[in-house]
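Here is the file upload.txt (compact mmCIF, C-alpha atoms and all ligand atoms).
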```
# COMPACT_ATOMS: atom_id res chain seq x y z
CA MET A 23 11.11 7.51 46.97
CA THR A 24 8.38 8.61 44.58
CA THR A 25 5.54 6.35 43.50
CA LEU A 26 4.48 5.76 39.93
CA LEU A 27 1.23 7.63 40.26
CA GLN A 28 3.02 10.69 41.63
CA ILE A 29 5.31 10.71 38.59
CA GLN A 30 2.88 9.81 35.81
CA PRO A 31 -0.75 10.14 36.83
CA THR A 32 -2.14 9.33 33.39
CA ARG A 33 0.44 7.18 31.66
CA PRO A 34 2.15 4.01 32.85
CA PRO A 35 5.89 3.50 32.42
CA ARG A 36 7.41 0.86 30.21
CA VAL A 37 7.14 -2.45 31.94
CA ARG A 38 9.56 -5.36 32.10
CA ILE A 39 8.14 -8.86 31.61
CA SER A 40 10.38 -11.55 33.01
CA ALA A 41 11.37 -14.06 30.33
CA ALA A 42 12.22 -16.71 32.92
CA SER A 43 8.79 -16.38 34.48
CA ALA A 44 7.00 -16.19 31.13
CA ARG A 45 8.62 -19.52 30.18
CA LEU A 46 7.23 -21.42 33.16
CA ARG A 47 5.06 -24.24 31.87
CA PHE A 48 1.31 -24.69 32.33
CA ASN A 49 -1.43 -26.68 30.67
CA GLY A 50 -3.58 -23.65 29.77
CA CYS A 51 -7.24 -23.04 30.58
CA GLU A 52 -9.09 -25.40 28.25
CA PRO A 53 -12.76 -26.08 29.12
CA ASP A 54 -12.35 -29.88 29.29
CA TYR A 55 -9.27 -29.53 31.49
CA ILE A 56 -11.07 -27.08 33.78
CA ARG A 57 -14.08 -29.39 34.07
CA ASP A 58 -12.21 -32.65 34.64
CA VAL A 59 -8.74 -31.93 35.96
CA CYS A 60 -8.05 -28.57 37.59
CA LYS A 61 -11.69 -27.86 38.59
CA GLY A 62 -10.99 -24.16 38.20
CA ALA A 63 -8.90 -24.19 41.36
CA CYS A 64 -7.66 -20.65 40.80
CA CYS A 65 -11.17 -19.36 41.55
CA ARG A 66 -11.49 -21.29 44.80
CA SER A 67 -10.51 -20.66 48.39
CA ALA A 68 -8.05 -23.54 48.48
CA THR A 69 -5.62 -21.46 46.47
CA ILE A 70 -6.68 -17.88 47.15
CA PRO A 71 -7.68 -16.44 50.54
CA MET A 72 -11.34 -15.62 50.14
CA ASP A 73 -10.92 -12.01 51.19
CA LYS A 74 -8.50 -11.58 48.30
CA LEU A 75 -10.30 -13.77 45.79
CA ILE A 76 -10.50 -11.17 43.10
CA ALA A 77 -10.29 -7.40 43.11
CA VAL A 78 -13.14 -5.57 41.45
CA GLN A 79 -12.26 -2.08 40.35
CA PRO A 80 -14.82 0.66 41.05
CA TRP A 81 -15.78 0.93 37.38
CA GLU A 82 -16.34 -2.85 37.24
CA GLN A 83 -18.68 -3.07 40.20
CA GLY A 84 -21.84 -2.06 38.35
CA PRO A 85 -21.49 -4.69 35.59
CA VAL A 86 -20.58 -7.41 38.15
CA GLU A 87 -23.62 -6.58 40.25
CA ALA A 88 -25.81 -6.48 37.17
CA TYR A 89 -24.98 -10.18 36.72
CA GLY A 90 -25.89 -10.91 40.34
CA GLY A 91 -22.43 -10.73 41.91
CA LYS A 92 -21.71 -9.12 45.25
CA VAL A 93 -18.75 -6.87 45.84
CA SER A 94 -17.39 -6.27 49.34
CA ALA A 95 -16.78 -2.85 50.82
CA GLU A 96 -13.07 -3.54 50.24
CA GLY A 97 -13.70 -3.99 46.51
CA THR A 98 -13.38 -7.77 46.22
CA MET A 99 -15.77 -10.39 44.90
CA VAL A 100 -17.81 -11.90 47.72
CA PRO A 101 -17.39 -15.69 47.53
CA VAL A 102 -20.14 -18.28 47.83
CA HIS A 103 -19.33 -21.54 49.63
CA GLY A 104 -15.59 -21.27 49.12
CA ARG A 105 -15.55 -20.32 45.48
CA CYS A 106 -16.35 -17.37 43.31
CA GLY A 107 -20.10 -17.14 42.84
CA PHE A 108 -19.62 -16.96 39.08
CA GLN A 109 -17.94 -20.35 38.84
CA ALA A 110 -20.45 -22.81 37.40
CA HIS A 111 -21.02 -26.05 39.25
CA GLY A 112 -20.32 -29.07 37.05
CA THR A 113 -18.25 -27.40 34.34
CA ASN A 114 -16.32 -25.12 36.76
CA LEU A 115 -16.31 -22.51 34.01
CA CYS A 116 -16.74 -18.79 34.56
CA TRP A 117 -20.20 -17.41 33.84
CA LEU A 118 -18.69 -14.03 33.05
CA HIS A 119 -15.99 -15.27 30.70
CA THR A 120 -17.77 -14.28 27.50
CA THR A 121 -19.25 -11.07 28.88
CA ASP A 122 -17.89 -7.55 29.26
CA ALA A 123 -18.46 -7.84 33.01
CA LYS A 124 -15.55 -10.19 33.73
CA PRO A 125 -13.17 -8.21 35.96
CA GLY A 126 -9.83 -7.43 34.40
CA GLY A 127 -8.21 -8.75 37.56
CA CYS A 128 -9.48 -12.24 36.65
CA THR A 129 -7.92 -12.14 33.21
CA LEU A 130 -4.66 -10.79 34.61
CA ALA A 131 -4.63 -13.05 37.66
CA PRO A 132 -1.81 -15.36 36.51
CA TRP A 133 0.42 -12.28 36.22
CA CYS A 134 1.52 -9.88 38.90
CA LEU A 135 4.19 -7.33 39.75
CA ASN A 136 7.12 -8.10 41.99
CA LYS A 137 8.53 -5.41 44.27
CA ASN A 138 10.66 -4.03 41.42
CA GLY A 139 7.66 -3.58 39.16
CA THR A 140 8.61 -6.52 36.91
CA VAL A 141 5.76 -8.65 35.59
CA ILE A 142 6.06 -12.27 36.68
CA VAL A 143 3.77 -15.29 37.02
CA HIS A 144 1.99 -15.08 40.37
CA ASN A 145 3.62 -17.47 42.80
CA ARG A 146 0.34 -19.08 43.77
CA TYR A 147 -0.04 -20.41 40.22
CA LYS A 148 2.94 -22.68 40.83
CA PHE A 149 0.80 -24.55 43.34
CA LEU A 150 -2.00 -25.25 40.88
CA LYS A 151 -2.51 -28.59 39.18
CA CYS A 152 -1.89 -27.01 35.77
CA PHE A 153 1.73 -26.09 36.59
CA LYS A 154 4.08 -28.38 34.64
CA ASP A 155 1.07 -30.43 33.61
CA GLY A 156 -0.55 -31.55 30.35
CA GLN A 157 0.51 -29.56 27.31
CA GLN A 158 3.17 -27.68 29.28
CA LEU A 159 2.73 -24.48 27.33
CA PRO A 160 4.88 -21.50 28.21
CA ALA A 161 2.98 -19.05 30.40
CA TYR A 162 3.10 -16.41 27.67
CA VAL A 163 0.90 -18.78 25.61
CA ALA A 164 -1.08 -20.50 28.36
CA PHE A 165 -2.03 -17.16 29.93
CA LYS A 166 -2.13 -15.08 26.76
CA GLY A 167 -5.32 -13.28 27.76
CA GLY A 168 -3.67 -11.44 30.62
CA LEU A 169 -0.77 -10.28 28.47
CA VAL A 170 -3.14 -9.09 25.74
CA LEU A 171 -5.03 -7.08 28.34
CA LEU A 172 -1.73 -5.68 29.60
CA LEU A 173 -0.11 -4.92 26.24
CA GLY A 174 -2.78 -5.00 23.56
CA GLU A 175 -2.91 -7.47 20.63
CA GLU A 176 -0.18 -5.85 18.56
CA GLN A 177 2.43 -5.73 21.30
CA TYR A 178 1.45 -9.23 22.41
CA GLY A 179 2.32 -10.41 18.88
CA ASP A 180 5.69 -8.73 19.25
CA LEU A 181 6.26 -10.33 22.66
CA LEU A 182 5.29 -13.74 21.25
CA ALA A 183 7.81 -13.45 18.43
CA HIS A 184 10.45 -12.22 20.89
CA MET A 185 9.91 -15.15 23.25
CA GLU A 186 9.71 -17.75 20.45
CA ALA A 187 13.04 -16.47 19.18
CA GLY A 188 14.59 -17.12 22.59
CA GLY A 189 14.65 -13.49 23.70
CA GLY A 190 15.22 -12.25 27.23
CA ASP A 191 13.05 -9.97 29.32
CA TYR A 192 10.54 -8.06 27.21
CA MET A 193 10.04 -4.32 27.61
CA GLY A 194 6.57 -3.11 26.68
CA GLU A 195 4.21 -0.20 27.01
CA PRO A 196 1.28 -1.36 29.11
CA THR A 197 -2.27 -0.21 28.66
CA LEU A 198 -3.48 2.06 31.41
CA ARG A 199 -6.21 -0.44 32.26
CA GLY A 200 -3.88 -3.43 32.48
CA TRP A 201 -1.25 -1.53 34.43
CA GLY A 202 -3.89 -0.20 36.81
CA HIS A 203 -5.03 -3.73 37.61
CA LEU A 204 -1.49 -4.93 38.27
CA VAL A 205 -0.68 -2.00 40.53
CA ALA A 206 -3.95 -2.39 42.44
CA GLU A 207 -3.28 -6.11 42.95
CA TYR A 208 0.28 -5.48 44.11
CA GLU A 209 -0.69 -2.76 46.54
CA GLY A 210 -3.59 -4.82 47.91
CA ARG A 211 -1.25 -7.78 48.47
CA ALA A 212 1.73 -5.84 49.78
CA GLY A 213 -0.29 -3.36 51.79
CA LYS A 214 1.85 -0.46 50.59
CA PRO A 215 2.33 1.63 47.45
CA LEU A 216 4.39 0.23 44.61
CA GLN A 217 7.82 1.81 44.41
CA LEU A 218 9.50 1.88 41.03
CA PRO A 219 13.19 2.72 41.44
CA GLN A 220 13.88 1.65 37.85
CA LEU A 221 11.96 4.67 36.58
CA ALA A 222 15.22 6.53 36.95
CA TYR A 223 16.50 4.77 33.86
CA GLN A 224 13.26 3.54 32.22
CA PRO A 225 11.21 6.68 31.62
CA PRO A 226 7.77 6.45 29.99
CA LEU A 227 7.78 6.74 26.22
CA GLY A 228 6.29 9.73 24.47
S1 LIG A 301 -5.12 -21.28 35.66
FE1 LIG A 301 -4.87 -23.49 35.94
S2 LIG A 301 -6.26 -23.96 37.62
FE2 LIG A 301 -6.93 -21.98 36.80
S3 LIG A 301 -8.49 -22.50 35.25
FE3 LIG A 301 -6.52 -22.31 34.20
S4 LIG A 301 -5.78 -24.42 34.08
FE4 LIG A 301 -7.34 -24.36 35.69
S1 LIG A 302 -15.40 -13.97 37.82
FE1 LIG A 302 -14.88 -15.86 36.74
S2 LIG A 302 -12.63 -15.82 36.47
FE2 LIG A 302 -13.18 -14.29 38.02
S3 LIG A 302 -12.90 -15.36 39.99
FE3 LIG A 302 -15.06 -15.57 39.36
S4 LIG A 302 -15.19 -17.52 38.22
FE4 LIG A 302 -13.03 -16.94 38.38
```
Spell out the structure here as C-alpha cells.
Amino acid sequence: MTTLLQIQPTRPPRVRISAASARLRFNGCEPDYIRDVCKGACCRSATIPMDKLIAVQPWEQGPVEAYGGKVSAEGTMVPVHGRCGFQAHGTNLCWLHTTDAKPGGCTLAPWCLNKNGTVIVHNRYKFLKCFKDGQQLPAYVAFKGGLVLLLGEEQYGDLLAHMEAGGGDYMGEPTLRGWGHLVAEYEGRAGKPLQLPQLAYQPPLG
C-alpha cells in the first residue's frame, strides 16, 4: 500500500471529518473554566504520557526555545514537574497562546486521524473533565481553533453551516500545515506510516 507522502508530496488529499465525532459535547476552553474547573488537564501528565505531551515540528523548535521551552531529541516539549512548562501556575493558561510560537500540535490536539485517515476527536479528550460538561458545545465549536488551523477560516465557516444544518461527515481540503501536524501525530502515536486506502476514490483536488 502506498502512503500519502509517496502519492502527493506537496499537497494533502481531501479529508473526511467525522460528524458523529464533531458532535461530541465539551465545555470549551474558557479562561475561567481552565483556571477553576479543568485546570488545563490536557497539558498535564495525568492525561498525556509526558514523552508524548506535545509534538514540536522542526520549524517550530526555534520559536519555542526563544520563549524558554525545551524540546527533546524526539521533537516533543520537555515537561516540567508533570505539566508543560508553558502552563502558568494559578491560571493554568498557556503562556504561548497569544504568540506565534504556540505549536500547531497544541491547537490541533483535540483532533486526530484514525487509521482510515478520518479526522475525529482524540479519544483521550473523552476522559477530560470538560467532556459532556458545562455548556456542552459540539466539538466543532468547542475546539474551533484546531479546525480553523486544519481547514482555514473560509472552509471552517462552510463546515459550521454544514454541521448546524444537521449534515453528515464533512469533506474538506486541509491546509498543508494542519494536515502535516495530524499525520505527524498519528505516525508518532501509531509508530508506523499513515495508510490512506480511501485515496483510491478520494483523489486530491486540483
Ligand atoms: S480541552 Fe478541556 S481540559 Fe483542556 S483546556 Fe480545554 S476545557 Fe480544559
Ligand atoms: S504550549 Fe500551551 S497549549 Fe501547548 S502543551 Fe504547553 S501549555 Fe498546553
7 Å from ligand LIG 302 (chain A) is the threshold here; counting all atoms listed in the file, which polymer residues fall inside it? Answer as a compact mmCIF listing (two decimals) with C-alpha atoms, in the frame of the given file.
```txt
# COMPACT_ATOMS: atom_id res chain seq x y z
CA CYS A 64 -7.66 -20.65 40.80
CA CYS A 65 -11.17 -19.36 41.55
CA LEU A 75 -10.30 -13.77 45.79
CA ILE A 76 -10.50 -11.17 43.10
CA CYS A 106 -16.35 -17.37 43.31
CA GLY A 107 -20.10 -17.14 42.84
CA PHE A 108 -19.62 -16.96 39.08
CA GLN A 109 -17.94 -20.35 38.84
CA LEU A 115 -16.31 -22.51 34.01
CA CYS A 116 -16.74 -18.79 34.56
CA TRP A 117 -20.20 -17.41 33.84
CA LEU A 118 -18.69 -14.03 33.05
CA HIS A 119 -15.99 -15.27 30.70
CA LYS A 124 -15.55 -10.19 33.73
CA PRO A 125 -13.17 -8.21 35.96
CA CYS A 128 -9.48 -12.24 36.65
CA THR A 129 -7.92 -12.14 33.21
```
Taking all listed atoms of stretch 115-131 of chain A, build the axis-aligned box, pad each of the six sides by 4 Å, then write its centre and edge lengths in Å to one decimal as AutoDock Vina command-line options.
```
--center_x -12.4 --center_y -15.0 --center_z 32.6 --size_x 23.6 --size_y 23.1 --size_z 18.2
```
Next item on the list: Tell me which protein, DNA and RNA residues are within 8 Å of A:Gly127, counting all atoms listed in the file, leaving out same-chain ones fewer than 2 positions away, and put them as a ChimeraX atom specification.
Entry: /A:76-78,125,129-131,203-204,207
Checklist line | Env. residues ligand LIG 301 (chain A) / 8 Å / only C-alpha atoms and all ligand atoms / as a PyMOL selection string | finding: chain A and resi 48-52+55-56+59-65+115+132+147+150-153+165
Checklist line | Nearest residue to A:Val102 from the set A:Asp122, A:Gly213, A:Arg66, A:Gln157 (distances using all atoms listed in the file) | finding: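 Closest residue, counting all atoms listed in the file: A:Arg66.
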Notebook entry, point to check: Distance atom CA of A:Gln158-atom CA of A:Gly174, one decimal place?
Noted result: 24.1 Å
Notebook entry, point to check: Around (13.1, -13.9, 33.0) in the file's frame, which residues reach within 12 Å when counting all atoms listed in the file? Return as a list in words?
Noted result: Arg38, Ile39, Ser40, Ala41, Ala42, Ser43, Ala44, Arg45, Leu46, Thr140, Val141, Ile142, Val143, Ala161, Tyr162, Met185, Gly188, Gly189, Gly190, Asp191, Tyr192 and Met193 of chain A
Keeping C-alpha atoms, export the residues of the selection given above as an mmCIF file, keeping the file's coordinate frame.
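The resulting file, out.cif, is shown below:
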```
data_model
loop_
_atom_site.group_PDB
_atom_site.id
_atom_site.type_symbol
_atom_site.label_atom_id
_atom_site.label_comp_id
_atom_site.auth_asym_id
_atom_site.auth_seq_id
_atom_site.Cartn_x
_atom_site.Cartn_y
_atom_site.Cartn_z
ATOM 1 C CA ARG A 38 9.560 -5.360 32.100
ATOM 2 C CA ILE A 39 8.140 -8.860 31.610
ATOM 3 C CA SER A 40 10.380 -11.550 33.010
ATOM 4 C CA ALA A 41 11.370 -14.060 30.330
ATOM 5 C CA ALA A 42 12.220 -16.710 32.920
ATOM 6 C CA SER A 43 8.790 -16.380 34.480
ATOM 7 C CA ALA A 44 7.000 -16.190 31.130
ATOM 8 C CA ARG A 45 8.620 -19.520 30.180
ATOM 9 C CA LEU A 46 7.230 -21.420 33.160
ATOM 10 C CA THR A 140 8.610 -6.520 36.910
ATOM 11 C CA VAL A 141 5.760 -8.650 35.590
ATOM 12 C CA ILE A 142 6.060 -12.270 36.680
ATOM 13 C CA VAL A 143 3.770 -15.290 37.020
ATOM 14 C CA ALA A 161 2.980 -19.050 30.400
ATOM 15 C CA TYR A 162 3.100 -16.410 27.670
ATOM 16 C CA MET A 185 9.910 -15.150 23.250
ATOM 17 C CA GLY A 188 14.590 -17.120 22.590
ATOM 18 C CA GLY A 189 14.650 -13.490 23.700
ATOM 19 C CA GLY A 190 15.220 -12.250 27.230
ATOM 20 C CA ASP A 191 13.050 -9.970 29.320
ATOM 21 C CA TYR A 192 10.540 -8.060 27.210
ATOM 22 C CA MET A 193 10.040 -4.320 27.610
#
```
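Comparing A:Arg57, A:Lys154, A:Ala88, A:Arg146 by their smallest distance to A:Ala110, the closest is A:Arg57 (using all atoms listed in the file).
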Notebook entry, point to check: What is the atom CA of A:Val170-atom CA of A:Leu198 distance in Å, reported with one decimal?
Noted result: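 Distance reported for this atom pair: 12.5 Å.
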Check: If you measure from atom CA of A:Glu175 to atom CA of A:Thr197, what distance in Å do you get, rounded to one decimal?
Finding: 10.8 Å
Checklist line | Of the listed residues A:Trp133, A:Tyr89, A:Phe149, A:Tyr208, that which approaches A:Thr121 most closely, counting all atoms listed in the file | finding: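 Of A:Trp133, A:Tyr89, A:Phe149, A:Tyr208, the one nearest A:Thr121, counting all atoms listed in the file, is A:Tyr89.
Each of A:Gly97, A:Gly156, A:Pro34, A:Pro53 was compared to A:Gln79 using only C-alpha atoms, and A:Gly97 turns out to be the nearest.
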Notebook entry, point to check: Which of these, A:Lys148, A:Asn138, A:Gly112, A:Val37, has the shortest distance to A:Leu173 once you count only C-alpha atoms?
Noted result: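 Checking each candidate against A:Leu173, we get A:Val37 as the closest.
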Next item on the list: For A:Lys137, list every protein, DNA or RNA residue within 9 Å, evaluated using only C-alpha atoms, and leave out those in the same chain fewer than 4 positions away; present the list as a PyMOL selection string.
Entry: chain A and resi 208+212+216-218
Print the selection's residues with C-alpha atoms to a file, as a compact mmCIF listing (two decimals), keeping the file's coordinate frame.
```txt
# COMPACT_ATOMS: atom_id res chain seq x y z
CA TYR A 208 0.28 -5.48 44.11
CA ALA A 212 1.73 -5.84 49.78
CA LEU A 216 4.39 0.23 44.61
CA GLN A 217 7.82 1.81 44.41
CA LEU A 218 9.50 1.88 41.03
```
If I only have part of stretch 153-185 of chain A, can you fill in N, CA and C atoms and write it as a PDB file, in the frame of the given file?
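See rebuild_6.pdb below for the written result:
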```pdb
ATOM      1  N   PHE A 153       0.292 -26.408  36.691  1.00  0.00           N
ATOM      2  CA  PHE A 153       1.730 -26.090  36.590  1.00  0.00           C
ATOM      3  C   PHE A 153       2.502 -27.353  36.210  1.00  0.00           C
ATOM      4  N   LYS A 154       3.282 -27.261  35.170  1.00  0.00           N
ATOM      5  CA  LYS A 154       4.080 -28.380  34.640  1.00  0.00           C
ATOM      6  C   LYS A 154       3.219 -29.578  34.304  1.00  0.00           C
ATOM      7  N   ASP A 155       1.977 -29.333  33.912  1.00  0.00           N
ATOM      8  CA  ASP A 155       1.070 -30.430  33.610  1.00  0.00           C
ATOM      9  C   ASP A 155       0.624 -30.370  32.149  1.00  0.00           C
ATOM     10  N   GLY A 156       0.099 -31.498  31.662  1.00  0.00           N
ATOM     11  CA  GLY A 156      -0.550 -31.550  30.350  1.00  0.00           C
ATOM     12  C   GLY A 156       0.324 -31.059  29.218  1.00  0.00           C
ATOM     13  N   GLN A 157      -0.185 -30.058  28.511  1.00  0.00           N
ATOM     14  CA  GLN A 157       0.510 -29.560  27.310  1.00  0.00           C
ATOM     15  C   GLN A 157       1.819 -28.848  27.620  1.00  0.00           C
ATOM     16  N   GLN A 158       1.966 -28.408  28.852  1.00  0.00           N
ATOM     17  CA  GLN A 158       3.170 -27.680  29.280  1.00  0.00           C
ATOM     18  C   GLN A 158       3.500 -26.527  28.333  1.00  0.00           C
ATOM     19  N   LEU A 159       2.532 -25.675  28.152  1.00  0.00           N
ATOM     20  CA  LEU A 159       2.730 -24.480  27.330  1.00  0.00           C
ATOM     21  C   LEU A 159       3.472 -23.422  28.133  1.00  0.00           C
ATOM     22  N   PRO A 160       4.280 -22.620  27.465  1.00  0.00           N
ATOM     23  CA  PRO A 160       4.880 -21.500  28.210  1.00  0.00           C
ATOM     24  C   PRO A 160       3.772 -20.557  28.678  1.00  0.00           C
ATOM     25  N   ALA A 161       4.009 -19.922  29.821  1.00  0.00           N
ATOM     26  CA  ALA A 161       2.980 -19.050  30.400  1.00  0.00           C
ATOM     27  C   ALA A 161       2.557 -17.960  29.433  1.00  0.00           C
ATOM     28  N   TYR A 162       3.492 -17.489  28.583  1.00  0.00           N
ATOM     29  CA  TYR A 162       3.100 -16.410  27.670  1.00  0.00           C
ATOM     30  C   TYR A 162       2.104 -16.898  26.619  1.00  0.00           C
ATOM     31  N   VAL A 163       1.947 -18.215  26.470  1.00  0.00           N
ATOM     32  CA  VAL A 163       0.900 -18.780  25.610  1.00  0.00           C
ATOM     33  C   VAL A 163      -0.291 -19.227  26.460  1.00  0.00           C
ATOM     34  N   ALA A 164      -0.002 -19.973  27.512  1.00  0.00           N
ATOM     35  CA  ALA A 164      -1.080 -20.500  28.360  1.00  0.00           C
ATOM     36  C   ALA A 164      -1.933 -19.389  28.956  1.00  0.00           C
ATOM     37  N   PHE A 165      -1.315 -18.282  29.305  1.00  0.00           N
ATOM     38  CA  PHE A 165      -2.030 -17.160  29.930  1.00  0.00           C
ATOM     39  C   PHE A 165      -1.954 -15.917  29.040  1.00  0.00           C
ATOM     40  N   LYS A 166      -2.164 -16.158  27.769  1.00  0.00           N
ATOM     41  CA  LYS A 166      -2.130 -15.080  26.760  1.00  0.00           C
ATOM     42  C   LYS A 166      -3.089 -13.956  27.102  1.00  0.00           C
ATOM     43  N   GLY A 167      -4.284 -14.293  27.557  1.00  0.00           N
ATOM     44  CA  GLY A 167      -5.320 -13.280  27.760  1.00  0.00           C
ATOM     45  C   GLY A 167      -4.854 -12.139  28.655  1.00  0.00           C
ATOM     46  N   GLY A 168      -4.138 -12.473  29.714  1.00  0.00           N
ATOM     47  CA  GLY A 168      -3.670 -11.440  30.620  1.00  0.00           C
ATOM     48  C   GLY A 168      -2.653 -10.522  29.958  1.00  0.00           C
ATOM     49  N   LEU A 169      -1.787 -11.097  29.142  1.00  0.00           N
ATOM     50  CA  LEU A 169      -0.770 -10.280  28.470  1.00  0.00           C
ATOM     51  C   LEU A 169      -1.395  -9.411  27.385  1.00  0.00           C
ATOM     52  N   VAL A 170      -2.442  -9.923  26.736  1.00  0.00           N
ATOM     53  CA  VAL A 170      -3.140  -9.090  25.740  1.00  0.00           C
ATOM     54  C   VAL A 170      -3.815  -7.917  26.434  1.00  0.00           C
ATOM     55  N   LEU A 171      -4.402  -8.179  27.596  1.00  0.00           N
ATOM     56  CA  LEU A 171      -5.030  -7.080  28.340  1.00  0.00           C
ATOM     57  C   LEU A 171      -3.957  -6.057  28.753  1.00  0.00           C
ATOM     58  N   LEU A 172      -2.796  -6.561  29.116  1.00  0.00           N
ATOM     59  CA  LEU A 172      -1.730  -5.680  29.600  1.00  0.00           C
ATOM     60  C   LEU A 172      -1.075  -4.886  28.469  1.00  0.00           C
ATOM     61  N   LEU A 173      -0.906  -5.538  27.305  1.00  0.00           N
ATOM     62  CA  LEU A 173      -0.110  -4.920  26.240  1.00  0.00           C
ATOM     63  C   LEU A 173      -0.892  -4.554  24.990  1.00  0.00           C
ATOM     64  N   GLY A 174      -2.063  -5.150  24.822  1.00  0.00           N
ATOM     65  CA  GLY A 174      -2.780  -5.000  23.560  1.00  0.00           C
ATOM     66  C   GLY A 174      -2.331  -6.095  22.586  1.00  0.00           C
ATOM     67  N   GLU A 175      -3.168  -6.367  21.570  1.00  0.00           N
ATOM     68  CA  GLU A 175      -2.910  -7.470  20.630  1.00  0.00           C
ATOM     69  C   GLU A 175      -1.597  -7.273  19.864  1.00  0.00           C
ATOM     70  N   GLU A 176      -1.354  -6.072  19.410  1.00  0.00           N
ATOM     71  CA  GLU A 176      -0.180  -5.850  18.560  1.00  0.00           C
ATOM     72  C   GLU A 176       1.120  -6.092  19.329  1.00  0.00           C
ATOM     73  N   GLN A 177       1.204  -5.519  20.519  1.00  0.00           N
ATOM     74  CA  GLN A 177       2.430  -5.730  21.300  1.00  0.00           C
ATOM     75  C   GLN A 177       2.535  -7.165  21.769  1.00  0.00           C
ATOM     76  N   TYR A 178       1.374  -7.813  22.020  1.00  0.00           N
ATOM     77  CA  TYR A 178       1.450  -9.230  22.410  1.00  0.00           C
ATOM     78  C   TYR A 178       2.089 -10.030  21.274  1.00  0.00           C
ATOM     79  N   GLY A 179       1.717  -9.718  20.018  1.00  0.00           N
ATOM     80  CA  GLY A 179       2.320 -10.410  18.880  1.00  0.00           C
ATOM     81  C   GLY A 179       3.834 -10.210  18.863  1.00  0.00           C
ATOM     82  N   ASP A 180       4.259  -9.031  19.212  1.00  0.00           N
ATOM     83  CA  ASP A 180       5.690  -8.730  19.250  1.00  0.00           C
ATOM     84  C   ASP A 180       6.374  -9.517  20.375  1.00  0.00           C
ATOM     85  N   LEU A 181       5.712  -9.560  21.527  1.00  0.00           N
ATOM     86  CA  LEU A 181       6.260 -10.330  22.660  1.00  0.00           C
ATOM     87  C   LEU A 181       6.350 -11.818  22.294  1.00  0.00           C
ATOM     88  N   LEU A 182       5.311 -12.326  21.637  1.00  0.00           N
ATOM     89  CA  LEU A 182       5.290 -13.740  21.250  1.00  0.00           C
ATOM     90  C   LEU A 182       6.486 -14.061  20.350  1.00  0.00           C
ATOM     91  N   ALA A 183       6.686 -13.230  19.341  1.00  0.00           N
ATOM     92  CA  ALA A 183       7.810 -13.450  18.430  1.00  0.00           C
ATOM     93  C   ALA A 183       9.142 -13.370  19.182  1.00  0.00           C
ATOM     94  N   HIS A 184       9.229 -12.415  20.089  1.00  0.00           N
ATOM     95  CA  HIS A 184      10.450 -12.220  20.890  1.00  0.00           C
ATOM     96  C   HIS A 184      10.742 -13.463  21.733  1.00  0.00           C
ATOM     97  N   MET A 185       9.720 -13.979  22.383  1.00  0.00           N
ATOM     98  CA  MET A 185       9.910 -15.150  23.250  1.00  0.00           C
ATOM     99  C   MET A 185      10.209 -16.400  22.417  1.00  0.00           C
TER     100      MET A 185
END
```
